Structures are given as structure tokens and as C-alpha cells.
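K.L.:
Below you'll find the structure I mean.
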Amino acid sequence: EHITRPEIALREAQRVLRPGGVAYVEVGPWFAPDGGHSLCTLDCPWGHVRLSASEFEAYLTAHRPHEAAAATEFYRKGFQVPRRTMAEIEGFVVEAGFRILDWHESRHAYADHYQFLTPEILSDCQRLNRLVTVRDLMTSSYTILAAKA
């Protein structure tokens, strides 16, 4: 989640592996309830997903002025740009020339959050990220085991 352009990183991993070599990737997705972890965690469910960059910065300026500059920098440069869904990452893995051996998604950390994910919040998240799904919003981490084809 902290690699700005994951498609480039995956292509490079595929390039340096020997034929049949295996890559292991673990990601805490941006769209998860704590995906904006650290300085980008807000006081509303999925706030980091629901607010545009300008809305996010306005929130920080109004409610957390003492850390607004650092949080804004982290928001802009500390994560994928643009934010990527798991389906998009899966496409990048395959496009890079990998064969996916195993894909595991963990949702148990946020099992109690399903009650907070209303249709309105999902719609709000999709306003800025039309490809985001409930799967993206509820997965706390995912791991990929992929072999160089």
C-alpha cells in the first residue's frame, strides 16, 4: 500500500526473479477501515475513502491543525496514487507475467464493521472510487503468492 505505482514494482519483481521464482506480497489495502492508518485515520467510518483530497485537507486544517501538514504529505505521497482496488492489483499481478498460486484475504479484523457499512457509505466511497467494492472496504489485509511464468 506504500508503493506509489504497484504495477511498476510488480513488473520489476517479475523481471528479477528466476523462471519459476516465487513472489510473496502482503498488503493492507487503502480502502480498509484503517487503510489510511497513522496520520490519515479520520473520525468517521472510511473517512479517508469518502473524502476527496481537498475535503481531506480541509478536515485536517479544521480539526487537526497541529498535524495537518504532515498528514497531508503522507496522504499525497505515502500510498498508491491513484488508489487501487484488489481487482486492479490482481490485474497488475497477471499483467506483470505472474501466475497466482494463492490469494488470501483477511476480513476477521473488521467483522464488527459490517454493521457500519451502510448503502449510503458504500455509495459515498464509490463517488470518488467507482471500482471500490464491499470486498475492498472490509478486507484488512491480503497476501499474494505468485510464480514467475
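Here, A, B, ... name the chains of the C-alpha cells in the order displayed, residue numbers run from 1 inside each chain, and ligands are numbered from 1 in the same displayed order.
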List every residue of range 50-134 of chain A that has an atom at most 8 Å from any atom of range 24-36 of chain A, and for each one report the closest atom pair and its distance in Å to one decimal, counting only C-alpha atoms, with rows sorted by chain and then by increasing residue number, as CSV.

P.N.:
residue,atom,partner,partner_atom,distance
A:Tyr75,CA,A:Gly36,CA,7.7
A:Phe79,CA,A:Trp30,CA,7.5
A:Arg83,CA,A:Trp30,CA,6.9
A:Arg84,CA,A:Trp30,CA,7.7
A:Thr85,CA,A:Phe31,CA,7.6
A:Met86,CA,A:Pro29,CA,7.7
A:Tyr110,CA,A:Pro33,CA,7.6
A:Val132,CA,A:Phe31,CA,7.7

K.L.:
Neighbours of Leu51 in chain A within 12 Å (only C-alpha atoms; same-chain residues fewer than 2 positions away dropped), as a PyMOL selection string?

P.N.:
chain A and resi 31+36+40-49+53-60+75+121+124-129

K.L.:
Using only C-alpha atoms, can you tell me which of A:His104, A:Pro19, A:Leu39, A:Leu117 comes closest to Glu67 in chain A?

P.N.:
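Of A:His104, A:Pro19, A:Leu39, A:Leu117, the one nearest Glu67 in chain A is A:Leu39, counting only C-alpha atoms.
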
K.L.:
Go through A:Ser38, A:Ala96, A:His108, A:Glu1 and flag the residue nearest Thr72 in chain A, using only C-alpha atoms for the distances.

P.N.:
A:Ser38

K.L.:
Quick check for you: according to DSSP on this backbone, which residues of range 89-148 of chain A are classed as alpha helix (DSSP H)? Reply as a ChimeraX atom specification.

P.N.:
/A:89-95,119-128,134-138

K.L.:
Please determine, counting only C-alpha atoms, which residue among A:Thr61, A:Glu105, A:Arg18, A:His113 has the shortest atom-to-atom distance to Ser141 in chain A.

P.N.:
A:Glu105

K.L.:
With only C-alpha atoms as the basis for distance, which of A:Ala111, A:Arg99, A:Phe92, A:Ala71 is at the shortest distance from Leu145 in chain A?

P.N.:
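Comparing A:Ala111, A:Arg99, A:Phe92, A:Ala71 against Leu145 in chain A, the winner is A:Arg99.
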
K.L.:
Interatomic distance between CA of Ala68 in chain A and CA of Arg50 in chain A?

P.N.:
17.9 Å

K.L.:
Would you mind telling me which residue in A:Ile100, A:Leu131, A:Val93, A:Val22 lies nearest to Pro6 in chain A when using only C-alpha atoms?

P.N.:
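Looking only at the distances to Pro6 in chain A, the closest residue turns out to be A:Val93.
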
K.L.:
Which one is closest to Ile89 in chain A: A:Glu120, A:Glu12, A:Asp136, A:Glu73? Count only C-alpha atoms.

P.N.:
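Counting only C-alpha atoms, the residue closest to Ile89 in chain A is A:Asp136.
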
K.L.:
Enter the distance from CA of Thr118 in chain A to CA of Val134 in chain A, in Å, rounded to one decimal.

P.N.:
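These two atoms are separated by 10.1 Å.
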